[in-house]
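Peer 1: My structure file coords-v2.cif, mmCIF, C-alpha atoms, is below:
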```
data_query
loop_
_atom_site.label_atom_id
_atom_site.label_comp_id
_atom_site.auth_asym_id
_atom_site.auth_seq_id
_atom_site.Cartn_x
_atom_site.Cartn_y
_atom_site.Cartn_z
CA MET A 2 0.00 0.00 0.00
CA LYS A 3 1.43 3.32 -1.04
CA ASN A 4 0.42 6.16 1.21
CA THR A 5 -1.22 9.23 -0.30
CA PRO A 6 -1.71 12.61 1.43
CA LYS A 7 -5.39 11.75 1.86
CA SER A 8 -4.76 8.33 3.42
CA GLU A 9 -2.11 9.79 5.73
CA ILE A 10 -4.72 12.21 7.06
CA MET A 11 -7.25 9.39 7.49
CA GLN A 12 -4.76 7.41 9.58
CA LYS A 13 -4.92 10.09 12.29
CA TYR A 14 -8.60 9.41 13.02
CA LEU A 15 -10.71 6.55 14.32
CA PHE A 16 -13.39 7.00 11.64
CA HIS A 17 -13.80 8.46 8.16
CA LEU A 18 -17.13 9.54 6.66
CA ALA A 19 -17.13 7.66 3.36
CA PHE A 20 -20.20 9.30 1.78
CA GLU A 21 -20.74 8.68 -1.93
CA ASN A 22 -21.95 11.37 -4.35
CA GLN A 23 -24.81 9.12 -5.45
CA HIS A 24 -27.23 6.86 -3.61
CA THR A 25 -27.24 4.28 -6.41
CA ASP A 26 -26.82 0.49 -6.49
CA ASP A 27 -23.23 -0.63 -7.24
CA TYR A 28 -21.88 2.95 -7.14
CA ILE A 29 -18.87 2.29 -4.89
CA THR A 30 -15.83 4.52 -5.27
CA GLU A 31 -12.42 5.20 -3.75
CA LYS A 32 -14.22 6.93 -0.86
CA LEU A 33 -14.74 3.44 0.58
CA TRP A 34 -11.71 1.59 -0.80
CA LEU A 35 -9.17 4.22 0.28
CA THR A 36 -10.67 4.37 3.76
CA LEU A 37 -10.39 0.60 4.17
CA GLU A 38 -6.84 0.70 2.83
CA SER A 39 -5.77 3.50 5.19
CA GLY A 40 -6.53 1.49 8.33
CA THR A 41 -9.34 3.57 9.77
CA VAL A 42 -13.03 2.54 9.99
CA PRO A 43 -15.38 3.76 7.24
CA VAL A 44 -18.75 5.21 8.16
CA TYR A 45 -20.38 4.40 4.82
CA PHE A 46 -23.34 5.98 3.06
CA GLY A 47 -23.88 5.31 -0.63
CA ALA A 48 -24.81 2.21 -2.63
CA PRO A 49 -27.99 0.72 -1.12
CA ASN A 50 -26.82 -2.77 -2.10
CA ILE A 51 -23.34 -2.44 -0.57
CA LYS A 52 -23.92 -5.54 1.59
CA GLU A 53 -24.37 -7.62 -1.56
CA HIS A 54 -20.74 -6.96 -2.57
CA GLY A 55 -19.32 -9.49 -0.13
CA LEU A 56 -17.12 -7.15 1.92
CA PRO A 57 -15.88 -8.58 5.24
CA ILE A 58 -18.40 -8.49 8.06
CA ASN A 59 -17.76 -5.61 10.48
CA SER A 60 -15.33 -3.87 8.12
CA MET A 61 -17.43 -0.69 8.16
CA ILE A 62 -20.30 1.08 9.90
CA HIS A 63 -23.38 1.41 7.68
CA VAL A 64 -25.28 4.67 8.07
CA SER A 65 -28.42 2.92 6.77
CA ASP A 66 -28.44 0.62 9.81
CA TYR A 67 -29.47 3.51 12.06
CA ALA A 68 -32.86 5.16 12.31
CA SER A 69 -31.46 8.65 12.86
CA ILE A 70 -28.25 10.66 12.89
CA ASP A 71 -28.52 10.86 16.67
CA GLU A 72 -28.60 7.07 16.90
CA LEU A 73 -25.56 6.83 14.60
CA ALA A 74 -23.67 9.44 16.65
CA GLU A 75 -24.46 7.52 19.84
CA HIS A 76 -23.01 4.33 18.32
CA LEU A 77 -19.84 6.07 17.09
CA THR A 78 -19.28 7.53 20.56
CA LYS A 79 -19.72 4.09 22.08
CA VAL A 80 -17.25 2.52 19.66
CA ALA A 81 -14.69 5.28 20.19
CA ASN A 82 -14.75 4.69 23.94
CA ASN A 83 -14.67 0.89 23.89
CA GLU A 84 -11.45 -0.65 22.62
CA THR A 85 -12.93 -4.15 22.37
CA LEU A 86 -15.77 -2.86 20.23
CA TYR A 87 -13.42 -0.80 18.07
CA ASN A 88 -11.11 -3.78 17.62
CA SER A 89 -14.07 -5.77 16.29
CA TYR A 90 -14.10 -3.46 13.24
CA GLN A 91 -10.41 -4.27 12.59
CA SER A 92 -10.37 -8.04 13.13
CA TRP A 93 -11.23 -8.74 9.46
CA ARG A 94 -7.71 -7.62 8.50
CA LYS A 95 -6.29 -10.78 10.06
CA GLN A 96 -8.69 -13.17 8.29
CA PRO A 97 -8.99 -14.40 4.70
CA LEU A 98 -11.20 -12.25 2.51
CA PRO A 99 -14.72 -13.67 2.00
CA LYS A 100 -15.11 -15.97 -1.00
CA ALA A 101 -17.99 -13.86 -2.36
CA PHE A 102 -15.76 -10.77 -2.36
CA LEU A 103 -12.88 -12.58 -4.09
CA GLU A 104 -15.17 -13.99 -6.77
CA LYS A 105 -16.69 -10.58 -7.47
CA TYR A 106 -13.57 -8.42 -7.45
CA LEU A 107 -10.88 -10.97 -8.38
CA PRO A 108 -12.48 -12.93 -11.24
CA VAL A 109 -9.32 -14.97 -11.85
CA TYR A 110 -9.38 -16.26 -8.28
CA PRO A 111 -8.55 -19.09 -7.78
CA GLY A 112 -8.05 -19.66 -11.50
CA GLY A 113 -9.72 -20.09 -14.83
CA ASN A 114 -10.25 -16.98 -16.96
CA ASP A 115 -10.25 -16.47 -20.71
CA CYS A 116 -8.45 -13.11 -20.42
CA ARG A 117 -4.72 -13.84 -20.64
CA LEU A 118 -3.77 -10.29 -19.65
CA CYS A 119 -6.10 -10.50 -16.62
CA ARG A 120 -4.42 -13.73 -15.53
CA TRP A 121 -0.96 -12.24 -15.90
CA ALA A 122 -1.90 -9.05 -14.02
CA HIS A 123 -3.41 -11.14 -11.22
CA ALA A 124 -0.23 -13.23 -10.97
CA ARG A 125 1.92 -10.09 -10.84
CA LYS A 126 -0.26 -8.36 -8.25
CA TYR A 127 -0.36 -11.34 -5.89
CA GLY A 128 3.10 -12.78 -6.56
CA LEU A 129 1.78 -16.03 -7.99
CA GLY A 130 3.62 -18.37 -10.30
CA TRP A 131 3.27 -17.88 -14.06
CA ASP A 132 3.74 -20.50 -16.72
CA HIS A 133 5.13 -18.59 -19.69
CA GLN A 134 4.59 -21.48 -22.08
CA THR A 135 0.89 -22.03 -21.33
CA GLN A 136 0.25 -18.43 -20.19
CA THR A 137 -1.54 -19.64 -17.06
CA LEU A 138 -1.27 -19.26 -13.31
CA LYS A 139 0.66 -21.87 -11.38
CA PRO A 140 1.46 -22.40 -7.69
CA THR A 141 4.60 -20.77 -6.34
CA ALA A 142 7.61 -23.11 -6.22
CA LEU A 143 7.63 -22.87 -2.41
CA SER A 144 4.29 -23.34 -0.71
CA ARG A 145 2.61 -20.34 0.91
CA GLU A 146 0.29 -22.58 2.87
CA VAL A 147 0.32 -21.64 6.56
CA CYS A 148 0.37 -24.66 8.86
CA ILE A 149 0.34 -24.75 12.65
CA ASP A 150 1.50 -27.51 14.98
CA GLU A 151 -1.68 -28.31 16.92
CA ALA A 152 0.24 -29.30 20.06
CA THR A 153 2.22 -26.05 20.35
CA ASN A 154 0.52 -23.54 17.99
CA LEU A 155 3.95 -22.93 16.45
CA LEU A 156 4.41 -22.44 12.70
CA ARG A 157 5.29 -25.46 10.56
CA SER A 158 4.90 -23.75 7.18
CA PRO A 159 5.93 -21.64 5.24
CA VAL A 160 8.75 -21.53 7.83
CA VAL A 161 9.32 -23.71 10.89
CA GLU A 162 9.25 -21.73 14.14
CA SER A 163 11.16 -22.61 17.31
CA TRP A 164 12.17 -20.66 20.42
CA TRP A 165 15.45 -20.69 22.34
CA GLU A 166 16.89 -19.08 25.47
CA LEU A 167 20.48 -18.38 26.47
CA GLU A 168 21.68 -20.18 29.56
CA SER A 169 25.33 -20.43 30.64
CA GLY A 170 26.47 -19.37 27.18
CA ARG A 171 24.37 -22.04 25.43
CA LEU A 172 21.11 -21.87 23.49
CA LEU A 173 18.52 -24.19 25.01
CA PRO A 174 15.09 -24.91 23.51
CA VAL A 175 12.03 -23.30 25.09
CA LYS A 176 9.21 -25.77 25.67
CA VAL A 177 6.00 -24.30 24.27
CA ASP A 178 2.90 -26.32 25.11
CA SER A 179 -0.45 -24.73 24.35
CA SER A 180 -2.77 -27.70 24.20
CA GLY A 181 -1.37 -30.56 26.24
CA SER A 182 -1.72 -32.83 23.20
CA ILE A 183 0.74 -35.73 23.14
CA GLU A 184 0.71 -36.12 19.36
CA SER A 185 1.96 -33.35 17.11
CA ALA A 186 -0.19 -32.78 14.04
CA SER A 187 -0.24 -29.89 11.59
CA ALA A 188 -3.36 -27.83 10.88
CA CYS A 189 -3.46 -26.37 7.36
CA THR A 190 -4.50 -23.89 6.08
CA LEU A 191 -4.64 -21.31 8.88
CA SER A 192 -8.11 -19.75 8.83
CA LYS A 193 -7.90 -17.43 11.83
CA GLU A 194 -5.39 -15.78 14.09
CA ARG A 195 -3.53 -18.09 16.49
CA LYS A 196 -1.83 -17.00 19.71
CA VAL A 197 0.62 -18.79 21.95
CA LYS A 198 2.34 -17.83 25.19
CA VAL A 199 6.00 -18.47 24.43
CA LYS A 200 7.06 -17.50 27.95
CA ARG A 201 5.08 -16.02 30.81
CA ASP A 202 5.49 -12.45 29.54
CA LEU A 203 5.75 -12.99 25.76
CA ILE A 204 2.77 -13.61 23.45
CA ARG A 205 3.14 -14.53 19.77
CA SER A 206 0.22 -14.10 17.36
CA VAL A 207 0.20 -15.37 13.77
CA TRP A 208 -2.20 -14.87 10.87
CA SER A 209 -2.17 -14.95 7.08
CA SER A 210 -3.66 -12.80 4.30
CA ASP A 211 -2.87 -11.98 0.66
CA GLY A 212 -0.34 -14.81 0.53
CA VAL A 213 1.89 -13.50 3.35
CA THR A 214 2.39 -14.71 6.93
CA ASP A 215 2.48 -12.25 9.81
CA LEU A 216 3.84 -12.75 13.33
CA LEU A 217 3.28 -10.22 16.11
CA LEU A 218 5.33 -10.43 19.31
CA GLU A 219 4.01 -8.56 22.35
CA GLY A 220 4.67 -8.42 26.06
CA ALA A 221 7.30 -7.40 28.58
CA PRO A 222 9.73 -10.30 29.05
CA SER A 223 12.56 -9.77 31.52
CA GLU A 224 15.20 -11.11 29.14
CA SER A 225 15.88 -11.66 25.45
CA LEU A 226 14.82 -14.82 23.63
CA MET A 227 15.89 -16.24 20.26
CA LEU A 228 13.33 -16.95 17.54
CA ARG A 229 14.64 -19.43 14.97
CA LEU A 230 12.94 -19.69 11.59
CA ALA A 231 13.91 -22.72 9.52
CA LEU A 232 13.48 -22.08 5.80
CA PRO A 233 12.21 -24.48 3.14
CA MET A 234 15.23 -23.55 0.97
CA LYS A 235 18.43 -25.16 2.21
CA GLN A 236 20.91 -23.39 -0.09
CA HIS A 237 20.29 -19.68 -0.55
CA GLU A 238 22.02 -16.39 -1.09
CA GLN A 239 21.43 -13.25 0.92
CA VAL A 240 20.65 -10.42 -1.48
CA LEU A 241 19.37 -7.43 0.47
CA PHE A 242 19.80 -6.36 4.05
CA ASN A 243 18.64 -2.93 5.22
CA LEU A 244 16.95 -1.38 8.26
CA ASP A 245 13.90 -3.60 8.16
CA THR A 246 14.07 -5.95 5.17
CA MET A 247 16.07 -9.00 4.16
CA TRP A 248 15.89 -11.20 1.06
CA MET A 249 17.02 -14.78 0.70
CA GLN A 250 16.67 -16.60 -2.60
CA ASP A 251 17.71 -19.75 -4.41
CA ASP A 252 17.47 -20.60 -8.11
CA LYS A 253 13.63 -20.53 -8.12
CA SER A 254 12.27 -18.75 -5.08
CA ARG A 255 12.66 -15.69 -2.88
CA ILE A 256 11.73 -15.31 0.79
CA THR A 257 11.54 -11.77 2.14
CA LEU A 258 11.51 -11.00 5.85
CA VAL A 259 10.27 -7.61 7.02
CA LEU A 260 10.77 -6.69 10.67
CA VAL A 261 9.06 -3.62 12.12
CA ASP A 262 9.22 -2.59 15.76
CA GLY A 263 7.49 0.21 17.59
CA SER A 264 10.58 2.45 17.70
CA GLY A 265 11.26 2.37 13.95
CA ASP A 266 15.02 2.13 14.63
CA GLY A 267 15.57 -0.69 12.18
CA ALA A 268 14.50 -4.04 13.57
CA ALA A 269 16.56 -6.04 11.05
CA GLN A 270 19.52 -5.51 13.37
CA LEU A 271 17.86 -8.15 15.54
CA ILE A 272 18.79 -10.84 13.00
CA ALA A 273 21.63 -12.47 14.88
CA ARG A 274 22.61 -15.30 12.56
CA VAL A 275 21.90 -16.44 9.02
CA GLN A 276 23.05 -19.82 7.82
CA SER A 277 22.01 -22.36 5.27
CA GLY A 278 18.38 -23.17 5.88
CA SER A 279 17.64 -20.98 8.90
CA LEU A 280 18.06 -17.65 10.64
CA ASP A 281 17.91 -16.48 14.26
CA ILE A 282 16.13 -13.33 15.42
CA GLU A 283 16.99 -11.95 18.84
CA VAL A 284 13.77 -10.83 20.50
CA LYS A 285 14.76 -8.00 22.85
CA PRO A 286 12.28 -6.48 25.33
CA ASP A 287 13.11 -2.95 24.15
CA PHE A 288 12.02 -3.80 20.58
CA LEU A 289 8.53 -5.02 21.46
CA PRO A 290 5.96 -5.02 20.01
CA LEU A 291 7.71 -6.57 17.00
CA ARG A 292 5.99 -7.42 13.71
CA ILE A 293 7.57 -9.96 11.35
CA ARG A 294 6.22 -10.58 7.85
CA VAL A 295 7.24 -13.59 5.75
CA ILE A 296 6.75 -13.12 1.99
CA VAL A 297 7.15 -16.14 -0.30
CA GLU A 298 7.28 -15.66 -4.07
CA ASP A 299 8.89 -16.97 -7.24
CA ARG A 300 11.97 -15.28 -8.65
CA ASP A 301 11.67 -13.39 -11.92
CA LEU A 302 13.88 -15.47 -14.21
CA HIS A 303 12.87 -13.80 -17.46
CA HIS A 304 14.26 -10.26 -17.05
CA GLU A 305 17.93 -9.38 -16.77
CA GLY A 306 18.86 -7.97 -13.38
CA ALA A 307 15.50 -8.85 -11.81
CA ASP A 308 17.20 -11.02 -9.18
CA LYS A 309 18.55 -7.82 -7.58
CA LEU A 310 15.26 -5.89 -7.72
CA PRO A 311 12.06 -6.14 -5.69
CA THR A 312 8.98 -7.47 -7.45
CA TYR A 313 5.78 -5.44 -7.47
CA TYR A 314 4.14 -7.88 -5.05
CA GLY A 315 7.14 -8.03 -2.71
CA GLU A 316 7.49 -4.26 -2.61
CA VAL A 317 3.78 -3.66 -1.90
CA MET A 318 3.65 -6.31 0.83
CA ALA A 319 6.80 -4.89 2.48
CA GLU A 320 5.43 -1.34 2.42
CA ASP A 321 2.06 -2.52 3.71
CA VAL A 322 3.49 -4.03 6.91
CA SER A 323 5.48 -0.85 7.57
CA CYS A 324 2.24 1.20 7.44
CA TYR A 325 0.90 -0.65 10.51
CA PRO A 326 -2.86 -0.28 9.72
CA GLU A 327 -3.61 -2.49 12.70
CA LEU A 328 -2.34 0.24 15.00
CA PHE A 329 -5.91 1.45 14.78
CA ALA A 330 -6.93 -1.68 16.66
CA LEU A 331 -6.73 0.01 20.04
CA ASP A 332 -4.90 -1.44 23.00
CA GLU A 333 -4.12 -0.24 26.48
CA THR A 334 -0.94 1.56 25.36
CA MET A 335 -2.75 4.02 23.09
CA ASP A 336 -3.77 7.52 24.12
CA LEU A 337 -7.55 7.23 23.89
CA GLU A 338 -8.09 10.80 25.02
CA ARG A 339 -6.09 12.10 22.05
CA PHE A 340 -8.31 10.17 19.65
CA LYS A 341 -11.54 11.19 21.39
CA HIS A 342 -10.76 14.87 20.96
CA ALA A 343 -8.98 14.73 17.58
CA GLY A 344 -10.64 17.07 15.09
#
```
Would you encode the structure as structure tokens?

Peer 2:
Amino acid sequence: MKNTPKSEIMQKYLFHLAFENQHTDDYITEKLWLTLESGTVPVYFGAPNIKEHGLPINSMIHVSDYASIDELAEHLTKVANNETLYNSYQSWRKQPLPKAFLEKYLPVYPGGNDCRLCRWAHARKYGLGWDHQTQTLKPTALSREVCIDEATNLLRSPVVESWWELESGRLLPVKVDSSGSIESASACTLSKERKVKVKRDLIRSVWSSDGVTDLLLEGAPSESLMLRLALPMKQHEQVLFNLDTMWMQDDKSRITLVLVDGSGDGAAQLIARVQSGSLDIEVKPDFLPLRIRVIVEDRDLHHEGADKLPTYYGEVMAEDVSCYPELFALDETMDLERFKHAG
């Protein structure tokens, strides 16, 4: 998501009045789409049949649901003063988009379309594989499927997650047990956010959308821990390393890691070790909350120099996590009074 002056202004407020110029079926403009993209909650008035367009439940507040402006104002005041209620209008961001919405607005999803250019544009936008010979979509070489170990709630795919602590100069595994199950089985594909208490004062959440996997680390642990991510590619080269982004790629695939912490000081410095098949991330208390995004995509093998450049999909997904739209999901650390009196 590329910020615009308008969306940057929207991000300062809890709500945006997304009122269309016409009260006509199917007349839905950027007034709604840009508001959803910015991270704030739309208060929508426009197309009478908006609910037939398959948008996520609780992604907006419908003016037509209220008998009067006074009733609407009362609800907005209630939402603004109740973080649980406000969060309910943001929870859709951590869930797959509804099938009805995908079928209406992404006609090549999950495949099958007579428009070759449409198929190619869809593959480029969402970082999917592309068969140049048949001119059709194909799965990425590395799976994007998100799988969770049912016994521990730790990731098994697209990367394997494990936790370690330093004791007497040695790294020792942290036992994470969320269910008490004796047998370890993988649950695929992840359909909703999963949380696990890694240690008493460290919570890890994971969810997936748009083909990427997001981890959020929160809490106030007394000491640093090591997060190890084992990669599905065993031989890889490190291409890019900057303040918050790192690429690793082999002859077919690229995995991008984006790390964003609350301070914005460059969380990639937390990457302590990179070796064949895995990397270690030092989780320091001062860098929490920490957001980690895993982006899996195919390499562009058909354009000279593309192996040193970001793809459209990779660049958009990296910028999107840096925008932190979920900051509008209020928590106890946010200054509610500032939002109540803003504007």

Peer 1: I want to know what sits within 7 Å of range 116-124 of chain A, based on all atoms listed in the file, with residues of the same chain fewer than 4 positions away left out; could you give that as number ranges by chain?

Peer 2: A: 109, 128-131, 136-138

Peer 1: Around all the atoms of range 279-294 of chain A listed in the file, with 8 Å of room on each side, what axis-aligned box do you get, giving centre and edge lengths in Å to one decimal, as lines of an AutoDock Vina configuration file?

Peer 2:
```
center_x = 12.0
center_y = -12.0
center_z = 16.6
size_x = 28.1
size_y = 34.0
size_z = 33.5
```

Peer 1: So what does the PyMOL selection byres ((chain A and resi 226) around 8) actually pick up in this one, as a list of chain:residue names?

Peer 2: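 So the PyMOL selection byres ((chain A and resi 226) around 8), applied here, picks out A:Trp164, A:Trp165, A:Glu166, A:Leu167, A:Glu224, A:Ser225, A:Met227, A:Leu228, A:Glu283, A:Val284, A:Lys285.
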
Peer 1: Any idea what the distance is between CA of Glu320 in chain A and CA of Ser60 in chain A?

Peer 2: 21.7 Å

Peer 1: Go ahead and compute the interatomic distance for CA of Ser92 in chain A and CA of Ser158 in chain A, in Å to one decimal.

Peer 2: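 About the pair CA of Ser92 in chain A and CA of Ser158 in chain A: they are 22.7 Å apart.
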
Peer 1: From the list A:Ser69, A:Thr135, A:Ser223, A:Ser279, which residue is nearest Arg201 in chain A when using only C-alpha atoms?

Peer 2: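 Looking only at the distances to Arg201 in chain A, the closest residue turns out to be A:Ser223.
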
Peer 1: Within 12 Å of Ile58 in chain A, counting all atoms listed in the file, which residues show up once you throw out same-chain ones fewer than 3 positions away? Write them as a ChimeraX atom specification, please.

Peer 2: /A:51-55,61-63,89-94,96-99,101-102

Peer 1: Range 288-303 of chain A: which residues within 6 Å, counting only C-alpha atoms, same-chain residues fewer than 6 positions away excluded, as a list in words?

Peer 2: Gly128, Thr141, Val213, Thr214, Asp215, Leu216, Leu217, Leu218, Glu219, Lys253, Ser254, Arg255, Ile256, Thr257, Leu258, Val259, Leu260, Val261, Asp262 and Gly263 of chain A

Peer 1: Save out the residues we just selected, C-alpha atoms, as a PDB file, in the frame of the given file.

Peer 2:
```
ATOM      1  CA  GLY A 128       3.100 -12.780  -6.560  1.00  0.00           C
ATOM      2  CA  THR A 141       4.600 -20.770  -6.340  1.00  0.00           C
ATOM      3  CA  VAL A 213       1.890 -13.500   3.350  1.00  0.00           C
ATOM      4  CA  THR A 214       2.390 -14.710   6.930  1.00  0.00           C
ATOM      5  CA  ASP A 215       2.480 -12.250   9.810  1.00  0.00           C
ATOM      6  CA  LEU A 216       3.840 -12.750  13.330  1.00  0.00           C
ATOM      7  CA  LEU A 217       3.280 -10.220  16.110  1.00  0.00           C
ATOM      8  CA  LEU A 218       5.330 -10.430  19.310  1.00  0.00           C
ATOM      9  CA  GLU A 219       4.010  -8.560  22.350  1.00  0.00           C
ATOM     10  CA  LYS A 253      13.630 -20.530  -8.120  1.00  0.00           C
ATOM     11  CA  SER A 254      12.270 -18.750  -5.080  1.00  0.00           C
ATOM     12  CA  ARG A 255      12.660 -15.690  -2.880  1.00  0.00           C
ATOM     13  CA  ILE A 256      11.730 -15.310   0.790  1.00  0.00           C
ATOM     14  CA  THR A 257      11.540 -11.770   2.140  1.00  0.00           C
ATOM     15  CA  LEU A 258      11.510 -11.000   5.850  1.00  0.00           C
ATOM     16  CA  VAL A 259      10.270  -7.610   7.020  1.00  0.00           C
ATOM     17  CA  LEU A 260      10.770  -6.690  10.670  1.00  0.00           C
ATOM     18  CA  VAL A 261       9.060  -3.620  12.120  1.00  0.00           C
ATOM     19  CA  ASP A 262       9.220  -2.590  15.760  1.00  0.00           C
ATOM     20  CA  GLY A 263       7.490   0.210  17.590  1.00  0.00           C
TER      21      GLY A 263
END
```

Peer 1: Between CA of Met247 in chain A and CA of Lys235 in chain A, measure the distance and give it in Å to one decimal.

Peer 2: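 Distance between the two atoms: 16.4 Å.
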
Peer 1: Assuming the chain letters and numbering stay as they are in my file, what does the PyMOL selection byres ((chain A and resi 17) around 8) actually select? List them as a ChimeraX atom specification.

Peer 2: /A:11,14-16,18-19,36,41-44

Peer 1: Could you state which residues are captured by the PyMOL selection byres ((chain A and resi 239) around 9) in this file, as a PDB file with C-alpha atoms, in the coordinates of the input?

Peer 2:
```
ATOM      1  CA  HIS A 237      20.290 -19.680  -0.550  1.00  0.00           C
ATOM      2  CA  GLU A 238      22.020 -16.390  -1.090  1.00  0.00           C
ATOM      3  CA  VAL A 240      20.650 -10.420  -1.480  1.00  0.00           C
ATOM      4  CA  LEU A 241      19.370  -7.430   0.470  1.00  0.00           C
ATOM      5  CA  PHE A 242      19.800  -6.360   4.050  1.00  0.00           C
ATOM      6  CA  MET A 247      16.070  -9.000   4.160  1.00  0.00           C
ATOM      7  CA  TRP A 248      15.890 -11.200   1.060  1.00  0.00           C
ATOM      8  CA  MET A 249      17.020 -14.780   0.700  1.00  0.00           C
ATOM      9  CA  GLN A 250      16.670 -16.600  -2.600  1.00  0.00           C
ATOM     10  CA  VAL A 275      21.900 -16.440   9.020  1.00  0.00           C
TER      11      VAL A 275
END
```

Peer 1: Neighbouring residues of Tyr314 in chain A were defined as those with any atom within 8 Å, considering only C-alpha atoms; residues of the same chain fewer than 6 positions away were excluded. Please report them as a list in words.

Peer 2: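 Counting only C-alpha atoms, the residues come to Arg125, Lys126, Tyr127 and Gly128 of chain A.
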